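Worksheet: one structure, shown below.
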Amino acid sequence: MKARVKWVEDRTFVGESGSGHKVVLGTAFGPDGKTPGPSPMELVLLGTGGCSAYDVVHILEKGREAVEDCVVELDADRAEADPRVFTRIHMHFVVEGRALSPDKVRRAINLSIEKYCSASAMVAKTAEITHDFEVIDTTAK
């Protein structure tokens, strides 16, 4: 896997993945008070959530569950001193579908976090990762 990060100005950078996708990242505040993109640590958090969400959907689909949506809400704390690693991450999964089995959703989430998600495995070296979930049945919709 390869990637490239190029400095643009101030604290603004453009990252390009080996697959050619670009993302602006930085912590410099512009005149409107906004950052030019997510910070590197926000990207790590997003990557962790994305990695696990991907796994959960994939596992449920392989199990022939009628999953229609999966959202992961993340809440994290970082260390006070440098390096300001994540020390705690809570992942709240909201999984929607027709007659989904809560046991299968629980199993998919556990498999992701404990076995398949590479990002969770790395972040778990410094952070306590907890999770919970809710299942929304869309059968009546």
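Residue numbering restarts at 1 in every chain; chains get A, B, ... in the order shown in the structure tokens, and ligands count up from 1 in that same order.
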
- Message: Need the shell around A:Phe13: protein/DNA/RNA residues with any atom at most 12 Å away, counting only C-alpha atoms. Skip same-chain ones fewer than 4 positions apart. Format as a list of chain:residue names?
- Response: A:Arg4, A:Val5, A:Lys6, A:Trp7, A:Val8, A:Glu9, A:Lys22, A:Val23, A:Val24, A:Leu25, A:Gly26, A:Thr27, A:Ala28, A:Thr35, A:Pro36, A:Gly37, A:Pro38, A:Ser39, A:Pro40

- Any idea what's packed within 9 Å of A:Thr126, counting only C-alpha atoms, ignoring anything in its chain fewer than 3 positions away? Could you give it as a PyMOL selection string? chain A and resi 85-88+122-123

Output as JSON lines one row per residue of stretch 10-66 of chain A within 10 Å of stretch 98-114 of chain A: the closest atom pair and its distance in Å to one decimal place, counting only C-alpha atoms, sorted by chain and residue number ascending.
```
{"residue": "A:Thr48", "atom": "CA", "partner": "A:Ile113", "partner_atom": "CA", "distance": 9.5}
{"residue": "A:Gly49", "atom": "CA", "partner": "A:Ile113", "partner_atom": "CA", "distance": 9.9}
{"residue": "A:Cys51", "atom": "CA", "partner": "A:Ser112", "partner_atom": "CA", "distance": 8.3}
{"residue": "A:Ser52", "atom": "CA", "partner": "A:Ser112", "partner_atom": "CA", "distance": 5.6}
{"residue": "A:Ala53", "atom": "CA", "partner": "A:Ser112", "partner_atom": "CA", "distance": 8.2}
{"residue": "A:Tyr54", "atom": "CA", "partner": "A:Ser112", "partner_atom": "CA", "distance": 8.8}
{"residue": "A:Asp55", "atom": "CA", "partner": "A:Ser112", "partner_atom": "CA", "distance": 5.6}
{"residue": "A:Val56", "atom": "CA", "partner": "A:Ala108", "partner_atom": "CA", "distance": 5.2}
{"residue": "A:Val57", "atom": "CA", "partner": "A:Ala108", "partner_atom": "CA", "distance": 8.1}
{"residue": "A:His58", "atom": "CA", "partner": "A:Ala108", "partner_atom": "CA", "distance": 8.7}
{"residue": "A:Ile59", "atom": "CA", "partner": "A:Ala108", "partner_atom": "CA", "distance": 5.8}
{"residue": "A:Leu60", "atom": "CA", "partner": "A:Ala108", "partner_atom": "CA", "distance": 6.6}
{"residue": "A:Gly63", "atom": "CA", "partner": "A:Lys104", "partner_atom": "CA", "distance": 8.3}
{"residue": "A:Arg64", "atom": "CA", "partner": "A:Leu100", "partner_atom": "CA", "distance": 9.8}
{"residue": "A:Glu65", "atom": "CA", "partner": "A:Leu100", "partner_atom": "CA", "distance": 6.2}
{"residue": "A:Ala66", "atom": "CA", "partner": "A:Arg98", "partner_atom": "CA", "distance": 5.4}
```

- Message: Using DSSP assignments from the backbone, pull out every residue in stretch 29-125 of chain A that falls under strand (DSSP E) and give it to me as a list in words.
- Response: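 Here is the list: Ala66, Val67, Glu68, Asp69, Cys70, Val71, Val72, Glu73, Leu74, Asp75, Ala76, Asp77, Arg78, Phe86, Thr87, Arg88, Ile89, His90, Met91, His92, Phe93, Val94, Val95, Glu96, Gly97 and Arg98 of chain A.
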
- Message: Just checking: using only C-alpha atoms, which residue out of A:Lys34, A:Glu42, A:Lys2, A:Asp132 ends up closest to A:Ser19?
- Response: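 Nearest candidate to A:Ser19 out of A:Lys34, A:Glu42, A:Lys2, A:Asp132: A:Lys2.
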
- Item | Atomic distance atom CA of A:His90 - atom CA of A:Val14, expressed in Å with one decimal | 28.5 Å

- Item | Per-residue DSSP, chain A, filtered to alpha helix (DSSP H), as a ChimeraX atom specification | /A:40-62,102-111,118-123

Selected residues written out with C-alpha atoms, as a PDB file, in the first residue's frame:
```pdb
ATOM      1  CA  PRO A  40      -5.048  13.438  10.692  1.00  0.00           C
ATOM      2  CA  MET A  41      -6.459  12.056  13.952  1.00  0.00           C
ATOM      3  CA  GLU A  42     -10.022  12.624  12.755  1.00  0.00           C
ATOM      4  CA  LEU A  43      -9.089  10.547   9.711  1.00  0.00           C
ATOM      5  CA  VAL A  44      -7.801   7.772  11.987  1.00  0.00           C
ATOM      6  CA  LEU A  45     -11.112   7.807  13.880  1.00  0.00           C
ATOM      7  CA  LEU A  46     -13.131   7.855  10.648  1.00  0.00           C
ATOM      8  CA  GLY A  47     -11.002   5.026   9.282  1.00  0.00           C
ATOM      9  CA  THR A  48     -11.656   2.943  12.379  1.00  0.00           C
ATOM     10  CA  GLY A  49     -15.398   3.453  12.095  1.00  0.00           C
ATOM     11  CA  GLY A  50     -15.377   2.859   8.352  1.00  0.00           C
ATOM     12  CA  CYS A  51     -13.341  -0.311   8.661  1.00  0.00           C
ATOM     13  CA  SER A  52     -15.727  -1.771  11.207  1.00  0.00           C
ATOM     14  CA  ALA A  53     -18.896  -0.650   9.395  1.00  0.00           C
ATOM     15  CA  TYR A  54     -17.621  -2.296   6.215  1.00  0.00           C
ATOM     16  CA  ASP A  55     -17.024  -5.548   8.104  1.00  0.00           C
ATOM     17  CA  VAL A  56     -20.443  -5.510   9.784  1.00  0.00           C
ATOM     18  CA  VAL A  57     -22.323  -4.994   6.518  1.00  0.00           C
ATOM     19  CA  HIS A  58     -20.216  -7.631   4.757  1.00  0.00           C
ATOM     20  CA  ILE A  59     -20.710 -10.218   7.525  1.00  0.00           C
ATOM     21  CA  LEU A  60     -24.464  -9.609   7.689  1.00  0.00           C
ATOM     22  CA  GLU A  61     -24.825  -9.830   3.906  1.00  0.00           C
ATOM     23  CA  LYS A  62     -22.850 -13.098   3.849  1.00  0.00           C
ATOM     24  CA  PRO A 102     -30.024  -8.847  17.006  1.00  0.00           C
ATOM     25  CA  ASP A 103     -27.836 -11.879  17.793  1.00  0.00           C
ATOM     26  CA  LYS A 104     -26.399 -11.860  14.272  1.00  0.00           C
ATOM     27  CA  VAL A 105     -25.806  -8.099  14.449  1.00  0.00           C
ATOM     28  CA  ARG A 106     -24.018  -8.527  17.796  1.00  0.00           C
ATOM     29  CA  ARG A 107     -21.914 -11.345  16.346  1.00  0.00           C
ATOM     30  CA  ALA A 108     -20.992  -9.297  13.252  1.00  0.00           C
ATOM     31  CA  ILE A 109     -19.905  -6.332  15.389  1.00  0.00           C
ATOM     32  CA  ASN A 110     -17.876  -8.538  17.736  1.00  0.00           C
ATOM     33  CA  LEU A 111     -16.177 -10.301  14.824  1.00  0.00           C
ATOM     34  CA  SER A 118      -7.286  -3.820  11.092  1.00  0.00           C
ATOM     35  CA  ALA A 119      -7.880  -0.237  12.210  1.00  0.00           C
ATOM     36  CA  SER A 120      -9.498  -1.351  15.482  1.00  0.00           C
ATOM     37  CA  ALA A 121      -6.621  -3.748  16.110  1.00  0.00           C
ATOM     38  CA  MET A 122      -4.083  -0.936  15.750  1.00  0.00           C
ATOM     39  CA  VAL A 123      -6.000   1.630  17.777  1.00  0.00           C
TER      40      VAL A 123
END
```

- Mind giving me the straight-line distance from atom CA of A:Tyr116 to atom CA of A:His131 in Å, one decimal? 15.3 Å

- Given the choices A:Gly33, A:Ala3, A:Thr139, A:Ala127, which gets closest to A:His21 if the distance is worked out from only C-alpha atoms?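 Ranked by minimum distance to A:His21, first place goes to A:Ala3.
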
- Message: Given only C-alpha atoms as the basis, pick out the residue of A:Asp82, A:Ile89, A:Cys117, A:Gly97 nearest to A:Asp137.
- Response: A:Gly97

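Shortest atom-to-atom contact with A:Asp75 among A:Ile129, A:Val135, A:Lys115, A:Thr12: A:Ile129, counting only C-alpha atoms.
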